[in-house]
Every structure is written in C-alpha cells, then in structure tokens.
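What follows is protein-v6.cif (mmCIF, C-alpha atoms).
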```cif
data_target
#
loop_
_atom_site.label_atom_id
_atom_site.label_comp_id
_atom_site.auth_asym_id
_atom_site.auth_seq_id
_atom_site.Cartn_x
_atom_site.Cartn_y
_atom_site.Cartn_z
CA MET A 1 11.06 114.58 -46.96
CA ASN A 2 13.78 113.81 -49.51
CA ARG A 3 13.58 114.47 -53.23
CA PRO A 4 12.60 110.93 -54.33
CA GLU A 5 9.74 110.82 -51.81
CA GLN A 6 8.56 114.25 -52.95
CA ALA A 7 8.63 113.04 -56.57
CA VAL A 8 6.63 109.93 -55.65
CA GLN A 9 4.02 112.08 -53.92
CA GLU A 10 3.86 114.45 -56.88
CA LEU A 11 3.40 111.47 -59.20
CA ALA A 12 0.74 109.89 -56.96
CA ALA A 13 -1.21 113.15 -56.71
CA TRP A 14 -1.26 113.53 -60.49
CA VAL A 15 -2.36 109.89 -60.99
CA LYS A 16 -5.17 110.43 -58.48
CA SER A 17 -6.30 113.54 -60.33
CA GLU A 18 -6.56 111.39 -63.48
CA GLY A 19 -8.73 108.83 -61.73
CA GLY A 20 -6.02 106.23 -61.03
CA ARG A 21 -4.02 105.18 -58.02
CA ALA A 22 -0.24 105.01 -57.65
CA LEU A 23 1.10 102.65 -55.00
CA LEU A 24 4.59 101.97 -53.75
CA VAL A 25 5.35 98.27 -53.83
CA GLY A 26 8.09 95.78 -52.97
CA GLY A 27 11.36 96.46 -51.25
CA CYS A 28 10.74 100.09 -50.33
CA VAL A 29 7.57 99.14 -48.42
CA ARG A 30 9.22 96.11 -46.83
CA ASP A 31 12.27 98.09 -45.73
CA SER A 32 10.13 100.84 -44.25
CA LEU A 33 8.20 98.32 -42.16
CA LEU A 34 11.51 96.85 -40.99
CA GLY A 35 12.70 100.28 -39.92
CA ARG A 36 15.29 100.50 -42.67
CA GLU A 37 16.07 103.43 -44.91
CA ARG A 38 14.50 103.03 -48.30
CA LYS A 39 16.64 103.98 -51.25
CA ASP A 40 14.82 102.71 -54.35
CA PHE A 41 11.14 103.28 -55.08
CA ASP A 42 8.99 101.02 -57.23
CA VAL A 43 5.61 102.52 -58.13
CA GLU A 44 2.73 100.55 -59.63
CA VAL A 45 -0.04 102.60 -61.26
CA PHE A 46 -3.58 101.20 -61.34
CA GLY A 47 -6.45 102.56 -63.43
CA LEU A 48 -4.46 104.59 -65.97
CA GLU A 49 -3.71 103.51 -69.53
CA ALA A 50 -0.08 103.16 -70.57
CA SER A 51 -0.08 106.01 -73.10
CA ARG A 52 -1.66 108.45 -70.65
CA LEU A 53 0.75 107.43 -67.89
CA GLU A 54 3.80 107.88 -70.10
CA ALA A 55 2.63 111.25 -71.39
CA GLY A 56 1.97 112.49 -67.87
CA LEU A 57 5.34 111.31 -66.65
CA ARG A 58 7.20 112.92 -69.54
CA ALA A 59 5.40 116.21 -68.84
CA ARG A 60 6.72 116.22 -65.28
CA PHE A 61 9.98 114.25 -65.26
CA ALA A 62 12.84 113.24 -67.49
CA VAL A 63 12.01 109.66 -68.47
CA LEU A 64 14.58 107.09 -69.58
CA ASP A 65 13.67 104.55 -72.26
CA VAL A 66 15.69 101.86 -70.49
CA GLY A 67 13.24 99.23 -69.28
CA LYS A 68 10.39 100.48 -71.46
CA SER A 69 10.25 97.20 -73.40
CA PHE A 70 9.46 95.46 -70.09
CA GLY A 71 6.73 97.91 -69.22
CA VAL A 72 8.87 99.91 -66.78
CA LEU A 73 9.55 103.66 -67.01
CA LYS A 74 12.57 104.96 -65.15
CA LEU A 75 12.80 108.56 -63.97
CA LYS A 76 16.16 110.11 -64.81
CA GLY A 77 18.17 111.24 -61.81
CA LEU A 78 15.76 109.61 -59.37
CA PRO A 79 15.72 106.06 -57.93
CA ILE A 80 12.13 105.59 -59.09
CA ASP A 81 10.70 102.96 -61.44
CA VAL A 82 7.10 103.27 -62.60
CA ALA A 83 5.07 100.43 -64.09
CA LEU A 84 1.54 99.24 -64.69
CA PRO A 85 0.33 96.08 -62.95
CA ARG A 86 0.89 93.14 -65.26
CA ARG A 87 0.43 89.47 -65.91
CA GLU A 88 3.47 87.34 -66.73
CA THR A 89 3.08 84.10 -68.66
CA LYS A 90 5.91 81.58 -68.94
CA ILE A 91 6.56 80.87 -72.62
CA ALA A 92 10.18 79.68 -72.70
CA ARG A 93 13.02 78.48 -70.50
CA GLY A 94 15.16 80.94 -68.63
CA HIS A 95 14.80 84.01 -66.49
CA ARG A 96 13.51 86.14 -69.39
CA GLY A 97 11.17 83.57 -70.92
CA PHE A 98 7.98 85.44 -70.06
CA ALA A 99 5.25 87.18 -72.03
CA ILE A 100 4.34 90.39 -70.23
CA ASP A 101 0.80 91.77 -70.44
CA ALA A 102 0.36 95.15 -68.73
CA ASP A 103 -3.20 95.68 -67.53
CA PRO A 104 -4.05 98.85 -65.57
CA GLN A 105 -7.41 97.32 -64.58
CA LEU A 106 -5.82 94.33 -62.85
CA SER A 107 -6.92 93.84 -59.25
CA LEU A 108 -4.39 94.37 -56.45
CA GLN A 109 -4.68 90.71 -55.47
CA GLU A 110 -3.90 89.42 -58.95
CA ALA A 111 -1.06 91.91 -59.42
CA ALA A 112 0.48 90.75 -56.15
CA LEU A 113 0.36 87.06 -57.10
CA ARG A 114 3.05 87.47 -59.79
CA ARG A 115 5.59 88.66 -57.20
CA ASP A 116 8.10 86.33 -55.61
CA LEU A 117 7.66 86.58 -51.83
CA THR A 118 4.86 87.90 -49.65
CA LEU A 119 7.16 90.42 -47.98
CA ASN A 120 7.76 91.88 -51.46
CA ALA A 121 4.01 92.02 -52.22
CA LEU A 122 3.21 94.80 -49.77
CA TYR A 123 1.81 98.07 -51.12
CA GLU A 124 1.75 101.57 -49.65
CA ASP A 125 -0.31 104.57 -50.66
CA PRO A 126 2.23 107.42 -50.65
CA LEU A 127 -0.55 110.00 -50.18
CA THR A 128 -2.06 108.44 -47.06
CA GLY A 129 0.61 106.07 -45.73
CA GLU A 130 -1.89 103.20 -45.79
CA VAL A 131 -0.23 99.78 -46.18
CA LEU A 132 -2.13 97.27 -48.30
CA ASP A 133 -1.39 93.60 -47.65
CA PRO A 134 -3.18 91.31 -50.12
CA LEU A 135 -1.11 88.17 -49.37
CA GLY A 136 -0.24 88.29 -45.68
CA GLY A 137 3.22 89.79 -46.05
CA LYS A 138 3.02 91.73 -42.77
CA ALA A 139 2.44 88.53 -40.81
CA ASP A 140 5.38 86.87 -42.55
CA LEU A 141 7.56 89.88 -41.75
CA ALA A 142 6.59 89.63 -38.11
CA ALA A 143 7.30 85.87 -38.15
CA ARG A 144 10.63 86.47 -39.94
CA THR A 145 9.59 84.04 -42.68
CA LEU A 146 10.15 83.99 -46.44
CA ARG A 147 7.06 82.62 -48.21
CA HIS A 148 6.20 82.49 -51.91
CA CYS A 149 3.21 84.41 -53.22
CA SER A 150 1.81 81.67 -55.45
CA ASP A 151 2.80 78.58 -57.40
CA ARG A 152 3.93 80.95 -60.16
CA PHE A 153 7.05 81.32 -58.04
CA SER A 154 8.35 78.14 -59.73
CA GLU A 155 8.26 79.71 -63.20
CA ASP A 156 11.46 81.68 -62.53
CA PRO A 157 14.42 79.67 -61.16
CA LEU A 158 16.25 82.88 -60.26
CA ARG A 159 13.85 83.16 -57.35
CA LEU A 160 15.67 80.34 -55.61
CA LEU A 161 18.78 82.52 -55.44
CA ARG A 162 16.67 85.49 -54.37
CA VAL A 163 15.46 83.44 -51.42
CA MET A 164 19.10 82.54 -50.71
CA GLN A 165 20.22 86.16 -50.46
CA PHE A 166 17.06 87.34 -48.66
CA ALA A 167 17.56 84.65 -46.00
CA ALA A 168 21.11 85.95 -45.51
CA ARG A 169 20.22 89.65 -45.63
CA PHE A 170 17.30 89.52 -43.21
CA ASP A 171 18.23 86.44 -41.15
CA PHE A 172 14.82 84.94 -41.95
CA ASP A 173 13.57 81.36 -42.08
CA VAL A 174 12.14 79.87 -45.26
CA ALA A 175 8.62 78.42 -45.16
CA ASP A 176 8.53 74.65 -45.66
CA GLU A 177 6.20 74.93 -48.66
CA THR A 178 8.54 77.45 -50.31
CA LEU A 179 11.49 75.16 -49.65
CA ALA A 180 9.57 72.34 -51.34
CA LEU A 181 9.01 74.46 -54.47
CA CYS A 182 12.68 75.39 -54.62
CA ARG A 183 13.75 71.75 -54.70
CA ALA A 184 12.32 71.40 -58.21
CA LEU A 185 13.97 74.50 -59.70
CA ASP A 186 16.82 74.21 -62.21
CA LEU A 187 19.51 76.87 -61.89
CA ALA A 188 21.39 75.61 -64.94
CA GLU A 189 19.31 77.74 -67.31
CA LEU A 190 20.15 81.05 -65.60
CA PRO A 191 22.49 83.59 -67.23
CA ARG A 192 25.76 84.13 -65.41
CA GLU A 193 25.25 87.84 -64.79
CA ARG A 194 21.95 87.29 -62.96
CA VAL A 195 23.49 84.58 -60.81
CA GLU A 196 26.38 86.92 -59.98
CA ASP A 197 23.94 89.64 -58.87
CA GLU A 198 22.35 87.36 -56.28
CA TRP A 199 25.68 86.09 -54.94
CA ARG A 200 26.85 89.69 -54.65
CA LYS A 201 23.85 90.47 -52.48
CA LEU A 202 24.56 87.43 -50.32
CA LEU A 203 28.21 88.37 -49.76
CA LEU A 204 27.95 92.17 -49.72
CA GLN A 205 24.63 92.63 -47.91
CA GLY A 206 24.12 89.38 -46.03
CA VAL A 207 23.95 89.82 -42.26
CA VAL A 208 24.22 86.06 -41.79
CA PRO A 209 25.54 84.56 -45.06
CA SER A 210 25.43 81.08 -43.53
CA ARG A 211 21.63 81.30 -43.71
CA GLY A 212 21.90 81.43 -47.50
CA LEU A 213 24.25 78.45 -47.72
CA LYS A 214 22.09 76.39 -45.36
CA PHE A 215 19.08 77.17 -47.52
CA LEU A 216 20.92 75.97 -50.64
CA ARG A 217 21.77 72.73 -48.86
CA ASN A 218 18.25 72.24 -47.47
CA CYS A 219 16.58 72.66 -50.85
CA GLY A 220 19.12 70.50 -52.68
CA ALA A 221 20.53 73.38 -54.74
CA LEU A 222 24.14 72.66 -53.78
CA ARG A 223 24.09 70.18 -56.65
CA PHE A 224 24.53 73.21 -58.91
CA TYR A 225 27.63 74.18 -56.92
CA PRO A 226 29.61 70.93 -56.60
CA GLU A 227 32.66 72.75 -55.21
CA ILE A 228 30.58 73.88 -52.22
CA GLN A 229 28.66 70.63 -51.96
CA ALA A 230 31.92 68.66 -51.68
CA MET A 231 32.78 70.51 -48.46
CA ASP A 232 29.60 69.27 -46.79
CA GLY A 233 30.65 66.29 -44.70
CA THR A 234 34.41 66.67 -45.26
CA PRO A 235 35.87 66.15 -41.76
CA GLN A 236 38.51 68.27 -40.02
CA ASN A 237 40.85 67.85 -37.09
CA PRO A 238 38.70 68.83 -34.07
CA GLU A 239 41.76 70.24 -32.28
CA TRP A 240 42.00 73.03 -34.84
CA HIS A 241 38.39 72.96 -36.03
CA PRO A 242 36.05 72.20 -33.14
CA GLU A 243 33.18 73.81 -35.08
CA GLY A 244 32.71 70.84 -37.43
CA ASP A 245 33.26 69.90 -41.06
CA VAL A 246 34.57 72.12 -43.86
CA PHE A 247 31.11 73.32 -44.88
CA VAL A 248 30.30 74.36 -41.33
CA HIS A 249 33.70 76.07 -41.05
CA THR A 250 33.12 77.99 -44.28
CA MET A 251 29.74 79.20 -43.04
CA HIS A 252 31.30 80.47 -39.80
CA CYS A 253 34.05 82.19 -41.81
CA LEU A 254 31.49 83.96 -43.99
CA ASP A 255 29.53 85.15 -40.95
CA HIS A 256 32.78 86.42 -39.44
CA PHE A 257 33.46 88.26 -42.71
CA ALA A 258 29.95 89.76 -42.78
CA ARG A 259 30.49 91.33 -39.35
CA ARG A 260 33.72 92.97 -40.56
CA ARG A 261 33.12 94.17 -44.10
CA VAL A 262 34.86 97.44 -44.89
CA GLY A 263 32.23 98.74 -47.33
CA ASP A 264 34.18 99.07 -50.57
CA ASP A 265 34.81 97.02 -53.72
CA SER A 266 37.38 94.87 -51.94
CA ASP A 267 34.59 93.15 -49.99
CA TRP A 268 33.57 91.22 -53.14
CA LEU A 269 37.08 89.83 -53.56
CA VAL A 270 37.48 89.00 -49.87
CA GLY A 271 34.02 87.46 -49.63
CA LEU A 272 34.70 85.20 -52.60
CA GLY A 273 38.12 84.36 -51.16
CA VAL A 274 36.52 83.31 -47.88
CA LEU A 275 33.88 81.24 -49.68
CA CYS A 276 36.44 79.44 -51.84
CA HIS A 277 39.46 79.21 -49.53
CA ASP A 278 38.96 75.56 -48.55
CA PHE A 279 37.67 74.19 -51.86
CA GLY A 280 40.79 72.00 -51.95
CA LYS A 281 40.05 70.14 -48.72
CA PRO A 282 37.58 67.56 -50.07
CA ALA A 283 40.21 66.22 -52.49
CA THR A 284 43.10 66.23 -50.01
CA THR A 285 41.60 65.26 -46.64
CA GLN A 286 42.91 61.94 -45.32
CA LEU A 287 43.07 60.17 -41.97
CA GLU A 288 46.70 59.86 -40.91
CA GLY A 289 47.50 58.29 -37.56
CA GLY A 290 43.98 58.93 -36.35
CA ILE A 291 44.12 62.62 -37.33
CA TRP A 292 42.36 64.25 -40.26
CA ARG A 293 44.83 66.18 -42.40
CA SER A 294 44.46 68.18 -45.62
CA LYS A 295 48.00 68.51 -46.94
CA GLY A 296 48.30 70.66 -50.02
CA HIS A 297 44.70 71.85 -49.89
CA SER A 298 45.64 75.44 -50.76
CA GLU A 299 47.19 74.35 -54.06
CA ALA A 300 44.41 71.84 -54.72
CA GLY A 301 41.79 74.52 -54.17
CA VAL A 302 42.81 76.72 -57.09
CA GLU A 303 41.23 74.66 -59.87
CA PRO A 304 37.81 74.13 -58.21
CA ALA A 305 37.79 77.81 -57.25
CA ARG A 306 38.44 78.75 -60.86
CA LEU A 307 35.65 76.46 -62.11
CA PHE A 308 33.20 77.93 -59.61
CA LEU A 309 34.17 81.53 -60.35
CA GLU A 310 33.99 81.10 -64.12
CA ARG A 311 30.35 80.07 -63.75
CA LEU A 312 29.75 83.10 -61.56
CA THR A 313 31.53 86.02 -63.22
CA ALA A 314 33.16 87.10 -66.47
CA GLU A 315 35.63 89.39 -64.68
CA ARG A 316 39.06 87.86 -65.24
CA ASP A 317 40.75 90.11 -62.69
CA VAL A 318 38.31 88.94 -60.03
CA ILE A 319 38.90 85.28 -60.90
CA GLU A 320 42.69 85.61 -60.86
CA THR A 321 42.78 87.58 -57.61
CA VAL A 322 40.47 85.17 -55.79
CA CYS A 323 42.44 82.16 -57.04
CA ALA A 324 45.61 83.82 -55.71
CA LEU A 325 43.90 84.34 -52.34
CA VAL A 326 42.95 80.66 -52.25
CA LEU A 327 46.47 79.54 -53.18
CA HIS A 328 48.17 81.70 -50.55
CA HIS A 329 45.59 81.81 -47.76
CA LEU A 330 47.88 79.96 -45.31
CA ARG A 331 50.87 82.24 -45.93
CA PRO A 332 50.13 84.65 -43.05
CA PHE A 333 50.29 81.74 -40.60
CA ASP A 334 53.40 80.22 -42.19
CA PHE A 335 55.25 83.53 -42.53
CA HIS A 336 54.55 84.54 -38.95
CA HIS A 337 55.60 81.14 -37.63
CA HIS A 338 58.90 81.23 -39.52
CA GLN A 339 59.46 84.99 -39.16
CA VAL A 340 60.37 85.18 -42.82
CA SER A 341 62.62 87.80 -44.42
CA ASP A 342 61.58 91.05 -46.05
CA ALA A 343 62.43 89.47 -49.40
CA ALA A 344 59.83 86.74 -48.83
CA VAL A 345 57.19 89.35 -47.99
CA ARG A 346 58.07 91.34 -51.09
CA ARG A 347 57.80 88.23 -53.27
CA LEU A 348 54.43 87.37 -51.75
CA ALA A 349 53.20 90.88 -52.60
CA THR A 350 53.99 90.25 -56.28
CA LYS A 351 51.59 87.29 -56.23
CA VAL A 352 48.64 88.47 -54.15
CA PRO A 353 47.41 91.72 -52.53
CA ILE A 354 48.61 91.37 -48.95
CA GLU A 355 45.85 93.48 -47.43
CA LEU A 356 43.18 91.22 -48.97
CA LEU A 357 45.13 88.10 -48.05
CA VAL A 358 45.35 89.10 -44.40
CA ARG A 359 41.61 89.72 -44.33
CA VAL A 360 40.81 86.31 -45.83
CA ALA A 361 43.19 84.62 -43.39
CA ARG A 362 41.65 86.58 -40.51
CA HIS A 363 38.17 85.28 -41.38
CA ASP A 364 39.56 81.75 -41.80
CA HIS A 365 41.05 82.04 -38.32
CA GLY A 366 37.85 83.56 -36.90
CA GLY A 367 35.53 80.89 -38.28
CA ARG A 368 36.35 78.25 -35.66
CA PRO A 369 34.08 78.75 -32.65
CA PRO A 370 34.46 78.36 -29.75
CA LEU A 371 38.14 79.25 -30.37
CA PRO A 372 38.92 83.00 -30.03
CA GLN A 373 37.79 85.02 -33.05
CA ASN A 374 39.41 88.41 -32.48
CA GLU A 375 43.02 87.48 -31.78
CA PHE A 376 45.03 87.04 -34.97
CA PRO A 377 48.73 87.68 -34.30
CA ALA A 378 49.83 86.18 -37.64
CA GLY A 379 47.76 88.64 -39.61
CA GLU A 380 48.82 91.58 -37.46
CA TRP A 381 52.47 90.64 -37.90
CA LEU A 382 52.23 90.32 -41.70
CA GLN A 383 50.26 93.54 -41.93
CA GLU A 384 52.94 95.35 -39.96
CA GLN A 385 55.64 94.01 -42.28
CA ALA A 386 53.66 95.05 -45.35
CA GLU A 387 53.09 98.55 -43.96
CA ARG A 388 56.77 98.91 -43.12
CA LEU A 389 57.70 97.86 -46.67
CA ASP A 390 54.85 99.88 -48.22
CA LEU A 391 53.26 96.76 -49.68
CA GLN A 392 49.76 96.87 -48.21
CA ARG A 393 47.94 97.40 -51.48
CA ASN A 394 50.67 97.88 -54.04
CA ALA A 395 52.84 95.07 -55.34
CA PRO A 396 56.51 95.94 -55.85
CA LYS A 397 57.17 97.24 -59.34
CA PRO A 398 60.52 96.89 -61.12
CA LEU A 399 62.68 99.97 -60.70
CA VAL A 400 65.04 98.99 -63.53
CA LEU A 401 63.37 99.02 -66.94
CA GLY A 402 64.28 98.39 -70.54
CA ARG A 403 64.93 102.09 -71.15
CA HIS A 404 67.74 101.95 -68.60
CA LEU A 405 69.39 99.15 -70.57
CA ILE A 406 69.06 101.13 -73.80
CA ALA A 407 70.52 104.21 -72.12
CA LEU A 408 73.59 102.10 -71.27
CA GLY A 409 74.06 101.24 -74.93
CA GLU A 410 72.37 97.83 -74.98
CA LYS A 411 70.27 96.85 -77.97
CA PRO A 412 66.85 95.21 -77.41
CA GLY A 413 66.99 91.44 -77.65
CA PRO A 414 66.36 88.14 -75.89
CA ARG A 415 68.84 89.01 -73.12
CA PHE A 416 66.78 92.00 -72.03
CA GLY A 417 64.21 89.90 -70.20
CA GLU A 418 66.80 87.83 -68.36
CA ILE A 419 68.76 90.89 -67.23
CA LEU A 420 65.66 92.77 -66.08
CA GLU A 421 64.43 89.68 -64.20
CA GLU A 422 67.80 89.43 -62.42
CA CYS A 423 67.53 93.10 -61.44
CA PHE A 424 63.99 92.65 -60.14
CA GLU A 425 65.01 89.62 -58.05
CA ALA A 426 67.83 91.69 -56.57
CA GLN A 427 65.38 94.49 -55.83
CA LEU A 428 63.07 92.02 -54.03
CA ASP A 429 66.08 90.79 -52.04
CA GLY A 430 66.64 94.36 -50.87
CA LYS A 431 69.93 94.93 -52.70
CA PHE A 432 68.66 98.31 -53.88
CA SER A 433 65.58 100.44 -53.25
CA ASP A 434 65.74 103.32 -55.72
CA VAL A 435 66.34 103.82 -59.45
CA GLU A 436 69.83 105.25 -59.05
CA ALA A 437 71.03 102.26 -57.04
CA GLY A 438 69.20 99.95 -59.44
CA VAL A 439 71.02 101.36 -62.45
CA GLU A 440 74.30 100.95 -60.60
CA TYR A 441 73.40 97.30 -59.94
CA LEU A 442 72.49 96.94 -63.63
CA GLN A 443 75.89 98.30 -64.65
CA GLY A 444 77.50 95.66 -62.46
CA ILE A 445 75.56 92.91 -64.28
CA LEU A 446 76.59 94.22 -67.68
CA LYS A 447 80.22 94.52 -66.60
CA ARG A 448 80.25 90.91 -65.41
CA GLN A 449 78.72 89.69 -68.66
CA LYS A 450 81.27 91.40 -70.93
CA PRO A 451 83.90 89.03 -72.39
#
```

As structure tokens, what does this structure read like?
Amino acid sequence: MNRPEQAVQELAAWVKSEGGRALLVGGCVRDSLLGRERKDFDVEVFGLEASRLEAGLRARFAVLDVGKSFGVLKLKGLPIDVALPRRETKIARGHRGFAIDADPQLSLQEAALRRDLTLNALYEDPLTGEVLDPLGGKADLAARTLRHCSDRFSEDPLRLLRVMQFAARFDFDVADETLALCRALDLAELPRERVEDEWRKLLLQGVVPSRGLKFLRNCGALRFYPEIQAMDGTPQNPEWHPEGDVFVHTMHCLDHFARRRVGDDSDWLVGLGVLCHDFGKPATTQLEGGIWRSKGHSEAGVEPARLFLERLTAERDVIETVCALVLHHLRPFDFHHHQVSDAAVRRLATKVPIELLVRVARHDHGGRPPLPQNEFPAGEWLQEQAERLDLQRNAPKPLVLGRHLIALGEKPGPRFGEILEECFEAQLDGKFSDVEAGVEYLQGILKRQKP
C-alpha cells in the first residue's frame, strides 16, 4: 500500500472513531473500477462537524489553507483533498457562481446529486473496500456511458467541456438525455483558464480525441468554436483525402496524434498544431476543374488559429509557436519534394521548431484512412537533415554579434543591425560555421564598405 492510501486509511479510521464516516469519491473510485492506477484521492467526510474535522486533520497532517474557502482541506505533500458533503446553489452566472453550504448530515444520495456524472458519483469505504453506488454509476461504467447525475448538471456550463474530455479519455458514449441538457449550455461565460484545462485533458489524455469533437458537434457546441465549426462540411479532394471533409480529417489526425504522444510538454503544442493546421481550408477551398483545391490554406489558417488560441490560452509563446506550425505545416512535403538546400532548412528552423513541425505533418499525413498511416518519407527526410545540421530543437543563433563589431572599432549605430543581418544570412547560407570564420567574414564586409 502506498503512502497516500495509508494516509486515507489513517484518516478514515480516525473519522470512524469520532462517529463519522470517510468515503473516497469521484475519479479515484472510478479509475479503480476501470483497472487504472489512482493518483489523486478525494475524501468526503459524513457525520463530523467542520471544526472537529479540521482540528483532527491538523493534529495528524500538514494542512494547506488553499481551497479552504470552498470547503476543501488539502493535505500537504499528499494528493488528498478532504471535504464535507455540501449543497451548491446557483446564485450568479459563471463557473464560480455558486453558494456552497457544507452539511455533514447530508445523505449520501443528496451529496451525490450535486456531482456531474454518475461515474464520478461512486463512493468507496477505504476501511472495507465497499463501493457505494447511489446513482447507478457502476451500470453506466459497464455500458461505457456518460450520464448526468441530476438536472443540476445544467447549472455549470463547464460540465459540457468535462463531458467532451471524458468522452475522449474513456472512449465512452454520451447518454441522449445528457446530450439534450448540453445543448442549452452557454460556454461564453466560462473563464479562459478553465476552458484551457479541459482542452488540455482532451489533447493530452484523450485516447480517442475525435469522440470529444463529435460530442461538441452533436450537442451544438461548435458554435462557440467557429474555426472548428467551419471545417465541418468543407470538402476535400478524395484522391488525397478519401476519409472525408476537413472536420473528419482533423478528427483522424488527432486520433493519430493520441496514439503517438511522447509524454512531455511538447504534446500540448503538437496537439494544438494538429487541431488548428487546416483552419485555413474553409476560406480557401474552391472547385477548380472538377477538383477541390485549397490553395494558400496554410497562410490563411494563421489568423483563425490565433483567434481560437487567444480564447483558449494566455500563453503568448504557445500561441506564436502553434501559429508557426500552422503556417509551415506543408513545408516537410514541399522540402522533401524539391530536395531543398541546407540553407533552406536552416532558415525554416529560425521560424518554427523542426521537430514539432515534423510531428504535426506526420499526423496530418496519417489522418487520411485508408491511406497508409505509418509511412512518412517527407518527415523522415527533413528530420534527417535537421539532425545532420543540429537543428532538431534549436534554431540557429547568430554567431557574429554586436560585440564583435565593437571589437573591430565600429561604433554602435543604425548600420549595426544591417551588418549583423548580412552576417546571419551568410551563416544560414553555410558560408561560415564558427565564430572565428564569422569574424573573418565580418571583416570582409567592413573592408568592402570603407570608402
């Protein structure tokens, strides 16, 4: 038994000795029933007043005050949250517009009704292992179905996005009655950071991300994401895209990505790049000579990608990197076809991380069933060139700097930038590859410019 489970049992035994009952609830119970490792533990304590619970916890654990205003006590150094059962009453718009009334005498049934989905309203007694199922969550788990606990589900529009990411993470269906409730929810009132959290779970944990996008379409929520909605129904040339329209293609690309995540922070950038890479097709797709073409869609996709991302995240580096991936996502194909020079590869590396670009292009290529998904010679070729030039993750940096100009007796001024830019272009062209040769090249520029 690991340390968090031992702590939960210690807590539950103390609560029992005080005449109450501590139950695990939510994701940790669900994951255990699904045969998954549980990492975070939510404990709900019945029959013990708040002051007595807090005092007992502080006598046994280090307790953080974070979350206390919401009736949650967090144990320092342990993935354990402890709370009393509570009622939540909607009093204002938004995800936080609730009055919270903790009540240790609340029945299990009533406590469960405030939760979002039945599979998250399962309880487990950590002392006996007994699973308590007040709302039929075990049956819904067995049926692989997401179902709301009560009509209170509609009070929090964030739950729509929770259903989105749960559908993707567990590859579950959504009950028709839950889908109907979601159609009336308004995502416009949600704070950006909460929206980002749910999209992160879709892209970073989703087993079948397409499930999440299909759910958004089926409940009408794509209206809040017009850049995605515009792809639905945008046709493609069946010779290159036998899988269907741009929305269908994007879903296949995301599923291809989900099967090949690398497990680090780069997955967020690549996942967003895959989601956004064809945002320019709706505006550029035309029928020419009986063939659907989308000329210039990479360039046209940058602005809608930026608009989408700015509603999703405040991280400017993320936005700029993903927009660069959208702009250049066809470069691996083009560069391989034309067998471009080292200078072209170096210049590309100054604009976009090549490793991430190859991954986005690989998923674009792999999202076209029944065409082959694993063969991607263009990406392999560009990756080999980047490795040979040491450009996989690091963009070329100027070897010749302003201090070299000063050391040669030049005074800072407007000409500095022009001279340094000329040196950097020469470096990218392969005319020198170390500082010594760069300074020699710089001396040649200065000599030519002298009257």

Around range 171-188 of chain A, fit a box with edges along x, y and z, padding it by 4 Å on each side, then list its centre and edge lengths in Å to one decimal as JSON.
```
{"center_x": 13.8, "center_y": 78.9, "center_z": -53.0, "size_x": 23.2, "size_y": 23.0, "size_z": 31.8}
```

Open item on the list: For a quick check of your reading of the model, name the residues lying within 12 Å of the coordinate (-1.2, 111.1, -68.0), counting all atoms listed in the file, and write them as an NGL selection string.
Closed with: :A and (11-21 or 45 or 47-61)

Open item on the list: What's around Arg259 in chain A at 12 Å? Count all atoms listed in the file, leave out sequence neighbours fewer than 6 positions away in its own chain, and write the answer as a list in words.
Closed with: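 Result of the neighbour search: Leu203, Leu204, Gln205, Gly206, Val207, Val208, Pro209, His252, Cys253, Asp267, Gly271, His363, Gly366, Gly367, Gln373 and Asn374 of chain A.
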
TODO: Would you mind telling me which residue in A:Ala184, A:Ala22, A:Leu216, A:Val400 lies nearest to Ala167 in chain A when using only C-alpha atoms?
DONE: A:Leu216

Open item on the list: Nearest residue to Thr284 in chain A out of A:Pro157, A:Gly137, A:Gly296, A:Gly402, using all atoms listed in the file?
Closed with: A:Gly296

- [ ] Between A:Val8, A:Leu269, A:Ile354, A:Ala283, single out the one closest to Glu320 in chain A, counting all atoms listed in the file.
- [x] A:Leu269

Open item on the list: Around the point (70.2, 99.3, -58.7) (coordinates from the file), which residues reach within 12 Å if we count all atoms listed in the file? Answer as a VMD selection string.
Closed with: chain A and resid 398 to 401 404 to 405 420 422 to 445

Serialized selection, C-alpha atoms, as a tab-separated table (two decimals), keeping the file's coordinate frame:
```
chain	number	residue	atom	x	y	z
A	398	PRO	CA	60.52	96.89	-61.12
A	399	LEU	CA	62.68	99.97	-60.70
A	400	VAL	CA	65.04	98.99	-63.53
A	401	LEU	CA	63.37	99.02	-66.94
A	404	HIS	CA	67.74	101.95	-68.60
A	405	LEU	CA	69.39	99.15	-70.57
A	420	LEU	CA	65.66	92.77	-66.08
A	422	GLU	CA	67.80	89.43	-62.42
A	423	CYS	CA	67.53	93.10	-61.44
A	424	PHE	CA	63.99	92.65	-60.14
A	425	GLU	CA	65.01	89.62	-58.05
A	426	ALA	CA	67.83	91.69	-56.57
A	427	GLN	CA	65.38	94.49	-55.83
A	428	LEU	CA	63.07	92.02	-54.03
A	429	ASP	CA	66.08	90.79	-52.04
A	430	GLY	CA	66.64	94.36	-50.87
A	431	LYS	CA	69.93	94.93	-52.70
A	432	PHE	CA	68.66	98.31	-53.88
A	433	SER	CA	65.58	100.44	-53.25
A	434	ASP	CA	65.74	103.32	-55.72
A	435	VAL	CA	66.34	103.82	-59.45
A	436	GLU	CA	69.83	105.25	-59.05
A	437	ALA	CA	71.03	102.26	-57.04
A	438	GLY	CA	69.20	99.95	-59.44
A	439	VAL	CA	71.02	101.36	-62.45
A	440	GLU	CA	74.30	100.95	-60.60
A	441	TYR	CA	73.40	97.30	-59.94
A	442	LEU	CA	72.49	96.94	-63.63
A	443	GLN	CA	75.89	98.30	-64.65
A	444	GLY	CA	77.50	95.66	-62.46
A	445	ILE	CA	75.56	92.91	-64.28
```

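When the PyMOL selection byres ((chain A and resi 39) around 10) is evaluated against the file, it yields A:Pro4, A:Glu5, A:Gly27, A:Cys28, A:Asp31, A:Arg36, A:Glu37, A:Arg38, A:Asp40, A:Phe41, A:Leu78, A:Pro79, A:Ile80.
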
TODO: Find the distance between CA of Ile406 in chain A and CA of Thr350 in chain A and write it in Å to one decimal.
DONE: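 Result for CA of Ile406 in chain A versus CA of Thr350 in chain A: 25.5 Å, one decimal.
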